[in-house]
file coords-v7.tsv (TSV, C-alpha atoms and all ligand atoms)
chain	number	residue	atom	x	y	z
A	1	MET	CA	0.00	0.00	0.00
A	2	ARG	CA	1.38	3.38	-1.02
A	3	ARG	CA	1.84	5.98	1.74
A	4	HIS	CA	-0.05	9.26	1.55
A	5	ARG	CA	0.36	12.57	3.30
A	6	VAL	CA	-2.71	14.80	3.63
A	7	LEU	CA	-2.71	18.46	4.64
A	8	HIS	CA	-6.00	19.03	6.44
A	9	LEU	CA	-7.39	22.57	6.76
A	10	SER	CA	-10.82	23.65	7.94
A	11	ASP	CA	-13.01	26.60	8.83
A	12	THR	CA	-11.40	29.33	6.77
A	13	HIS	CA	-14.53	31.52	7.19
A	14	VAL	CA	-13.68	34.00	4.45
A	15	SER	CA	-16.57	36.32	3.57
A	16	ARG	CA	-17.44	38.38	0.52
A	17	THR	CA	-16.04	41.44	2.29
A	18	GLY	CA	-13.13	39.70	4.06
A	19	PRO	CA	-13.67	39.51	7.87
A	20	ASP	CA	-15.96	36.95	9.50
A	21	GLU	CA	-18.90	37.79	11.78
A	22	ASP	CA	-16.48	38.26	14.70
A	23	GLY	CA	-14.34	40.70	12.73
A	24	VAL	CA	-11.42	38.33	12.12
A	25	ASP	CA	-9.84	38.51	8.68
A	26	GLY	CA	-9.83	34.98	7.30
A	27	VAL	CA	-7.79	35.93	4.25
A	28	THR	CA	-4.91	37.13	6.41
A	29	ALA	CA	-5.18	34.04	8.63
A	30	LEU	CA	-5.18	31.63	5.68
A	31	ARG	CA	-2.44	33.42	3.78
A	32	GLY	CA	-0.19	33.50	6.86
A	33	LEU	CA	-0.84	29.85	7.68
A	34	LEU	CA	-0.08	28.70	4.13
A	35	ARG	CA	3.11	30.73	4.17
A	36	ASP	CA	4.18	29.02	7.41
A	37	LEU	CA	3.29	25.61	5.93
A	38	ARG	CA	5.41	26.15	2.83
A	39	ARG	CA	8.14	23.73	3.94
A	40	VAL	CA	5.88	20.81	4.91
A	41	PRO	CA	7.28	18.01	2.74
A	42	GLN	CA	5.84	15.22	0.62
A	43	LEU	CA	2.19	16.25	0.60
A	44	ASP	CA	-0.13	14.29	-1.68
A	45	LEU	CA	-3.25	16.43	-1.34
A	46	VAL	CA	-4.97	19.21	0.60
A	47	VAL	CA	-8.46	18.78	2.07
A	48	VAL	CA	-10.58	21.59	3.52
A	49	SER	CA	-13.42	20.28	5.67
A	50	GLY	CA	-16.01	23.04	5.43
A	51	ASP	CA	-16.98	26.52	6.60
A	52	ILE	CA	-15.08	27.71	3.56
A	53	ALA	CA	-17.11	30.94	3.38
A	54	ASP	CA	-18.31	32.60	6.58
A	55	ASP	CA	-21.27	34.12	4.70
A	56	GLY	CA	-21.80	31.21	2.31
A	57	SER	CA	-20.82	33.39	-0.63
A	58	GLU	CA	-19.33	32.29	-3.93
A	59	GLU	CA	-16.80	35.09	-3.52
A	60	GLY	CA	-15.61	33.79	-0.14
A	61	CYS	CA	-15.24	30.25	-1.54
A	62	ALA	CA	-13.38	31.59	-4.58
A	63	VAL	CA	-10.81	33.41	-2.44
A	64	VAL	CA	-10.10	30.24	-0.45
A	65	ARG	CA	-9.99	28.16	-3.64
A	66	ASP	CA	-7.46	30.54	-5.17
A	67	LEU	CA	-5.19	30.70	-2.09
A	68	VAL	CA	-5.27	26.96	-1.38
A	69	GLY	CA	-5.13	26.27	-5.12
A	70	GLU	CA	-1.95	28.31	-5.45
A	71	PHE	CA	-0.37	26.30	-2.61
A	72	ALA	CA	-1.54	22.98	-4.09
A	73	GLY	CA	-0.72	23.90	-7.68
A	74	ALA	CA	2.88	24.75	-6.76
A	75	ARG	CA	3.19	21.20	-5.42
A	76	GLY	CA	1.27	19.54	-8.24
A	77	ILE	CA	-1.33	18.10	-5.85
A	78	PRO	CA	-5.18	18.20	-5.74
A	79	HIS	CA	-7.23	20.35	-3.34
A	80	ILE	CA	-10.55	18.99	-2.14
A	81	TYR	CA	-13.38	20.69	-0.21
A	82	SER	CA	-16.53	19.75	1.70
A	83	THR	CA	-19.39	21.99	2.83
A	84	GLY	CA	-19.81	23.32	6.39
A	85	ASN	CA	-22.70	24.84	8.31
A	86	HIS	CA	-21.66	28.37	7.30
A	87	ASP	CA	-21.52	27.45	3.61
A	88	ARG	CA	-24.40	27.72	1.17
A	89	ARG	CA	-24.66	25.05	-1.46
A	90	ASP	CA	-25.18	27.51	-4.30
A	91	GLY	CA	-22.13	29.58	-3.38
A	92	PHE	CA	-20.01	26.48	-2.82
A	93	THR	CA	-20.98	24.92	-6.16
A	94	ALA	CA	-20.44	28.13	-8.10
A	95	ALA	CA	-16.83	28.40	-6.90
A	96	LEU	CA	-15.84	24.79	-6.29
A	97	GLY	CA	-18.16	22.53	-8.29
A	98	CYS	CA	-18.46	19.26	-6.39
A	99	GLY	CA	-15.37	20.23	-4.38
A	100	HIS	CA	-12.66	18.06	-5.95
A	101	LEU	CA	-10.08	20.11	-7.87
A	102	GLY	CA	-6.86	19.06	-9.51
A	103	PRO	CA	-3.53	20.92	-9.20
A	104	ASP	CA	-4.54	23.20	-12.09
A	105	GLY	CA	-8.02	23.85	-10.67
A	106	SER	CA	-9.80	21.49	-13.04
A	107	ALA	CA	-12.60	19.25	-11.75
A	108	ILE	CA	-11.41	15.76	-10.82
A	109	GLY	CA	-14.33	14.48	-8.72
A	110	ARG	CA	-17.28	12.30	-9.54
A	111	SER	CA	-20.40	13.77	-8.00
A	112	ALA	CA	-22.80	11.54	-6.08
A	113	GLU	CA	-25.53	13.34	-8.04
A	114	LEU	CA	-27.90	13.30	-5.11
A	115	ASP	CA	-30.62	15.91	-4.71
A	116	ASP	CA	-29.76	18.78	-2.35
A	117	VAL	CA	-26.32	17.57	-1.16
A	118	ILE	CA	-22.78	17.96	-2.50
A	119	ALA	CA	-21.11	14.58	-2.02
A	120	ALA	CA	-18.35	13.38	-4.33
A	121	VAL	CA	-15.41	11.02	-4.72
A	122	SER	CA	-12.01	11.07	-6.40
A	123	GLU	CA	-8.84	9.01	-6.27
A	124	VAL	CA	-5.41	10.47	-5.58
A	125	ASN	CA	-2.54	8.07	-6.34
A	126	GLY	CA	-4.68	5.13	-5.22
A	127	LEU	CA	-6.20	6.86	-2.17
A	128	ARG	CA	-9.97	7.28	-2.45
A	129	VAL	CA	-11.19	10.61	-1.10
A	130	ILE	CA	-14.89	10.87	-0.31
A	131	THR	CA	-16.50	14.16	0.67
A	132	LEU	CA	-19.88	14.19	2.41
A	133	ASP	CA	-22.29	17.06	2.93
A	134	SER	CA	-23.53	17.35	6.54
A	135	LEU	CA	-24.86	20.90	6.13
A	136	VAL	CA	-28.31	21.63	7.57
A	137	PRO	CA	-29.17	25.15	6.35
A	138	GLY	CA	-29.65	27.55	9.25
A	139	SER	CA	-28.47	25.08	11.90
A	140	PRO	CA	-25.10	24.57	13.56
A	141	HIS	CA	-25.48	20.78	13.83
A	142	GLY	CA	-24.93	18.26	11.04
A	143	GLU	CA	-26.93	15.45	9.48
A	144	LEU	CA	-26.43	12.84	6.76
A	145	GLY	CA	-29.58	11.65	5.03
A	146	ARG	CA	-30.34	8.08	4.09
A	147	ASN	CA	-29.62	8.69	0.39
A	148	GLN	CA	-26.15	9.99	1.14
A	149	LEU	CA	-25.39	7.10	3.50
A	150	ASN	CA	-26.61	4.60	0.91
A	151	TRP	CA	-24.38	6.20	-1.71
A	152	LEU	CA	-21.42	6.02	0.71
A	153	THR	CA	-22.10	2.33	1.37
A	154	THR	CA	-22.17	1.61	-2.35
A	155	GLU	CA	-18.91	3.49	-2.96
A	156	LEU	CA	-17.11	1.69	-0.15
A	157	ALA	CA	-18.29	-1.76	-1.23
A	158	THR	CA	-15.23	-1.99	-3.50
A	159	PRO	CA	-11.87	-1.35	-1.78
A	160	ALA	CA	-9.51	1.27	-3.24
A	161	PRO	CA	-5.83	0.44	-3.95
A	162	SER	CA	-4.60	2.48	-0.95
A	163	GLY	CA	-7.80	2.68	1.08
A	164	SER	CA	-10.06	5.66	1.65
A	165	ILE	CA	-10.59	8.78	3.71
A	166	VAL	CA	-13.96	10.38	4.39
A	167	VAL	CA	-14.12	14.16	4.76
A	168	LEU	CA	-17.12	15.95	6.28
A	169	HIS	CA	-17.60	19.05	8.37
A	170	HIS	CA	-19.38	17.80	11.49
A	171	PRO	CA	-17.47	15.31	13.68
A	172	PRO	CA	-19.36	12.14	14.60
A	173	VAL	CA	-17.78	12.40	18.08
A	174	SER	CA	-17.95	14.99	20.87
A	175	LEU	CA	-16.56	15.73	24.31
A	176	ASP	CA	-19.10	15.09	27.06
A	177	ALA	CA	-17.28	17.58	29.31
A	178	VAL	CA	-18.14	20.44	26.95
A	179	VAL	CA	-21.86	20.63	27.53
A	180	PHE	CA	-22.96	22.31	24.29
A	181	MET	CA	-20.86	20.19	21.93
A	182	ARG	CA	-23.17	17.15	21.59
A	183	SER	CA	-25.97	19.20	20.04
A	184	ALA	CA	-23.59	20.89	17.55
A	185	VAL	CA	-21.86	17.85	16.00
A	186	LEU	CA	-23.15	15.16	13.63
A	187	GLN	CA	-26.47	13.78	14.79
A	188	GLN	CA	-27.08	10.00	14.53
A	189	PRO	CA	-23.35	9.20	14.28
A	190	ASP	CA	-24.07	5.49	14.57
A	191	GLU	CA	-25.60	5.51	11.08
A	192	LEU	CA	-22.28	6.74	9.66
A	193	GLY	CA	-20.47	4.20	11.80
A	194	GLN	CA	-22.52	1.39	10.29
A	195	ALA	CA	-21.67	2.59	6.77
A	196	LEU	CA	-17.93	2.58	7.62
A	197	ALA	CA	-17.77	-0.72	9.49
A	198	GLY	CA	-15.55	-3.26	7.78
A	199	THR	CA	-14.50	-0.91	4.97
A	200	ASP	CA	-11.07	0.37	3.89
A	201	VAL	CA	-11.53	3.83	5.47
A	202	HIS	CA	-8.35	4.92	7.26
A	203	ALA	CA	-9.96	7.88	8.99
A	204	VAL	CA	-12.81	10.37	9.05
A	205	LEU	CA	-11.52	13.95	8.77
A	206	CYS	CA	-13.68	16.77	10.15
A	207	GLY	CA	-13.65	20.42	11.21
A	208	HIS	CA	-16.38	22.53	12.83
A	209	LEU	CA	-15.08	22.41	16.41
A	210	HIS	CA	-12.18	24.81	15.75
A	211	HIS	CA	-10.01	22.65	17.99
A	212	GLN	CA	-8.24	19.35	17.59
A	213	LEU	CA	-10.01	16.23	18.80
A	214	SER	CA	-9.55	12.56	18.10
A	215	GLY	CA	-11.80	9.63	18.88
A	216	ARG	CA	-13.25	6.56	17.23
A	217	LEU	CA	-16.50	5.82	15.48
A	218	GLY	CA	-16.74	2.08	15.93
A	219	GLN	CA	-13.31	0.95	14.75
A	220	THR	CA	-12.72	3.96	12.48
A	221	PRO	CA	-10.45	6.77	13.75
A	222	VAL	CA	-11.94	10.29	13.66
A	223	TRP	CA	-9.92	13.48	13.57
A	224	ALA	CA	-11.19	17.04	13.95
A	225	THR	CA	-8.63	19.65	12.92
A	226	PRO	CA	-8.43	23.11	14.53
A	227	GLY	CA	-9.78	26.08	12.61
A	228	VAL	CA	-7.87	28.41	10.36
A	229	ILE	CA	-9.78	31.55	11.37
A	230	THR	CA	-9.96	30.97	15.14
A	231	ARG	CA	-9.28	28.25	17.67
A	232	MET	CA	-11.64	27.23	20.46
A	233	ASP	CA	-9.93	27.51	23.84
A	234	LEU	CA	-11.14	24.64	26.00
A	235	THR	CA	-9.70	26.16	29.14
A	236	ALA	CA	-12.89	28.25	29.17
A	237	PRO	CA	-15.65	27.24	31.63
A	238	PRO	CA	-17.48	24.20	30.14
A	239	ALA	CA	-20.66	26.14	29.39
A	240	LEU	CA	-18.86	28.87	27.45
A	241	ALA	CA	-17.20	28.91	24.02
A	242	ARG	CA	-14.06	31.02	23.98
A	243	GLY	CA	-12.57	31.74	20.56
A	244	VAL	CA	-8.97	32.87	20.25
A	245	LEU	CA	-6.67	33.73	17.37
A	246	GLY	CA	-4.16	31.17	16.16
A	247	ALA	CA	-4.55	29.47	12.77
A	248	CYS	CA	-3.75	25.77	12.70
A	249	ALA	CA	-3.60	22.85	10.27
A	250	SER	CA	-3.13	19.10	10.52
A	251	VAL	CA	-1.03	16.61	8.64
A	252	ILE	CA	-2.31	13.03	8.37
A	253	ASP	CA	0.11	10.27	7.43
A	254	LEU	CA	-1.56	7.21	5.93
A	255	GLY	CA	-0.27	3.78	4.99
A	256	GLY	CA	2.65	3.52	7.43
A	257	PRO	CA	3.01	1.10	10.33
A	258	SER	CA	1.15	3.48	12.69
A	259	ASP	CA	-1.56	4.43	10.19
A	260	PRO	CA	-3.26	6.82	10.62
A	261	MET	CA	-0.98	9.41	12.27
A	262	PHE	CA	-2.31	12.90	13.04
A	263	HIS	CA	-0.38	15.97	14.07
A	264	THR	CA	-1.11	19.67	14.30
A	265	LEU	CA	0.84	22.63	12.94
A	266	HIS	CA	0.45	26.15	14.30
A	267	ALA	CA	0.88	29.40	12.39
A	268	ARG	CA	3.70	31.50	13.75
A	269	THR	CA	1.64	34.61	14.40
A	270	PRO	CA	2.38	37.07	17.24
A	271	ASP	CA	-1.30	37.41	18.21
A	272	THR	CA	-1.83	33.68	18.87
A	273	GLY	CA	-4.08	33.16	21.87
A	274	LYS	CA	-5.63	36.63	21.77
A	275	GLU	CA	-9.31	36.40	22.76
A	276	VAL	CA	-11.86	37.06	20.00
A	277	TYR	CA	-15.11	36.23	21.79
A	278	VAL	CA	-16.65	34.43	24.75
A	279	TYR	CA	-20.07	33.04	23.88
A	280	ASP	CA	-22.81	31.33	25.84
A	281	PRO	CA	-24.28	28.86	23.30
A	282	VAL	CA	-27.32	28.02	25.42
A	283	ALA	CA	-28.34	31.63	26.03
A	284	GLY	CA	-27.17	32.65	22.56
A	285	VAL	CA	-25.30	35.73	23.84
A	286	HIS	CA	-21.74	36.98	24.01
A	287	VAL	CA	-20.60	37.39	27.60
A	288	GLN	CA	-17.82	38.88	29.63
A	289	GLU	CA	-16.15	36.07	31.48
B	301	FE	FE	-16.47	27.02	11.63
call {"tool": "encode", "arguments": {"input": "coords-v7.tsv", "output": "structure tokens", "more": "lines below"}}
Ligand SMILES: [Fe+2]
result
Amino acid sequence: MRRHRVLHLSDTHVSRTGPDEDGVDGVTALRGLLRDLRRVPQLDLVVVSGDIADDGSEEGCAVVRDLVGEFAGARGIPHIYSTGNHDRRDGFTAALGCGHLGPDGSAIGRSAELDDVIAAVSEVNGLRVITLDSLVPGSPHGELGRNQLNWLTTELATPAPSGSIVVLHHPPVSLDAVVFMRSAVLQQPDELGQALAGTDVHAVLCGHLHHQLSGRLGQTPVWATPGVITRMDLTAPPALARGVLGACASVIDLGGPSDPMFHTLHARTPDTGKEVYVYDPVAGVHVQE
């Protein structure tokens, strides 16, 4: 089995006008992170697991596509995207098609061609990359419908030469100690777990949480990568969400003796850790801690 090295980004939150709803400039965060990642060696592909555009706009998606595409194109590797809860399917499709782009920006994916969702598959040097669409318009949580799960089951029925990865925005795992997290992640995770059981999937790669988290869904490893725009600071009281600056990325090494291996890379920015907001998700208000 060939080894693969995946650069995993998520939650770029670029808007039509630049800053996100908290006033953080996603373009600056992404550009700085990609600059700091320029010496990461031997990458085979880049995946971006949703919340591409903070406002769901085509323009926001296009900016991310162009910045990530420049990074990927210089390395001759594909760049692949899934939707997030901030994305809108029309804006995503207009800029990214079904989300699977080659080094030159051309479409390389095969769409699931399901109504209302943007799921697709491609193969990168023998590694099958499947993107799912867990977006529920207007809601922070994620869902996968029966049609999408049936399509996934059909795709995975035949093993790929170097196995598969599944990319979706909402993690099918959560931390019980963070009281609001369960209601914000993928609902009915067991249904996804059943679709993955006994298949060649190395790992499920997710975003949404804006902090790193690993767990298992059945026997399948799950990884949530930190956000590009902000990072959730889990030293906050459990009922509060504290967002801080500090763009991050992950690298996932597949096919080696310890497959899969996950590690996190941090942008070298002087404002890392600076508080952006403290939010009470139950009351729906920003608070002073
Ligand atoms: Fe996000």
call {"tool": "residues_near_point", "arguments": {"input": "coords-v7.tsv", "point": "(-17.9, 3.3, 10.7)", "cutoff": "7 Å", "atoms": "all atoms listed in the file", "output": "list of chain:residue names"}}
result
A:Leu192, A:Gly193, A:Gln194, A:Ala195, A:Leu196, A:Ala197, A:Leu217, A:Gly218, A:Gln219, A:Thr220
call {"tool": "closest_residue", "arguments": {"input": "coords-v7.tsv", "among": "A:Ile229, A:Ala247, A:Ile52, A:Ala157", "to": "A:Val68", "atoms": "only C-alpha atoms"}}
result
A:Ile52
call {"tool": "residues_near_ligand", "arguments": {"input": "coords-v7.tsv", "ligand": "ligand FE 301 (chain B)", "cutoff": "10 Å", "atoms": "only C-alpha atoms and all ligand atoms", "output": "PyMOL selection string"}}
result
chain A and resi 10-13+49-54+84-87+140+169-170+207-210+226-231
call {"tool": "residues_around", "arguments": {"input": "coords-v7.tsv", "residues": "A:Gly284", "least_positions_apart": "3", "cutoff": "12 Å", "atoms": "all atoms listed in the file", "output": "list of chain:residue names"}}
result
A:Phe180, A:Ala239, A:Leu240, A:Ala241, A:Val278, A:Tyr279, A:Asp280, A:Pro281, A:Val287
call {"tool": "residues_around", "arguments": {"input": "coords-v7.tsv", "residues": "A:Thr28", "least_positions_apart": "3", "cutoff": "12 Å", "atoms": "all atoms listed in the file", "output": "list of chain:residue names"}}
result
A:Thr12, A:His13, A:Val14, A:Gly18, A:Pro19, A:Asp20, A:Gly23, A:Val24, A:Asp25, A:Arg31, A:Gly32, A:Leu33, A:Leu34, A:Arg35, A:Val63, A:Val64, A:Leu67, A:Val228, A:Ile229, A:Thr230, A:Leu245, A:Gly246, A:Ala247, A:Ala267, A:Thr269
call {"tool": "atom_distance", "arguments": {"input": "coords-v7.tsv", "atom1": "atom CA of A:Leu37", "atom2": "atom CA of A:Lys274"}}
result
21.3 Å
call {"tool": "decode", "arguments": {"input": "coords-v7.tsv", "residues": "stretch 237-282 of chain A", "atoms": "C-alpha atoms", "output": "compact mmCIF listing (two decimals), in the first residue's frame"}}
result
# COMPACT_ATOMS: atom_id res chain seq x y z
CA PRO A 237 -15.65 27.24 31.63
CA PRO A 238 -17.48 24.20 30.14
CA ALA A 239 -20.66 26.14 29.39
CA LEU A 240 -18.86 28.87 27.45
CA ALA A 241 -17.20 28.91 24.02
CA ARG A 242 -14.06 31.02 23.98
CA GLY A 243 -12.57 31.74 20.56
CA VAL A 244 -8.97 32.87 20.25
CA LEU A 245 -6.67 33.73 17.37
CA GLY A 246 -4.16 31.17 16.16
CA ALA A 247 -4.55 29.47 12.77
CA CYS A 248 -3.75 25.77 12.70
CA ALA A 249 -3.60 22.85 10.27
CA SER A 250 -3.13 19.10 10.52
CA VAL A 251 -1.03 16.61 8.64
CA ILE A 252 -2.31 13.03 8.37
CA ASP A 253 0.11 10.27 7.43
CA LEU A 254 -1.56 7.21 5.93
CA GLY A 255 -0.27 3.78 4.99
CA GLY A 256 2.65 3.52 7.43
CA PRO A 257 3.01 1.10 10.33
CA SER A 258 1.15 3.48 12.69
CA ASP A 259 -1.56 4.43 10.19
CA PRO A 260 -3.26 6.82 10.62
CA MET A 261 -0.98 9.41 12.27
CA PHE A 262 -2.31 12.90 13.04
CA HIS A 263 -0.38 15.97 14.07
CA THR A 264 -1.11 19.67 14.30
CA LEU A 265 0.84 22.63 12.94
CA HIS A 266 0.45 26.15 14.30
CA ALA A 267 0.88 29.40 12.39
CA ARG A 268 3.70 31.50 13.75
CA THR A 269 1.64 34.61 14.40
CA PRO A 270 2.38 37.07 17.24
CA ASP A 271 -1.30 37.41 18.21
CA THR A 272 -1.83 33.68 18.87
CA GLY A 273 -4.08 33.16 21.87
CA LYS A 274 -5.63 36.63 21.77
CA GLU A 275 -9.31 36.40 22.76
CA VAL A 276 -11.86 37.06 20.00
CA TYR A 277 -15.11 36.23 21.79
CA VAL A 278 -16.65 34.43 24.75
CA TYR A 279 -20.07 33.04 23.88
CA ASP A 280 -22.81 31.33 25.84
CA PRO A 281 -24.28 28.86 23.30
CA VAL A 282 -27.32 28.02 25.42
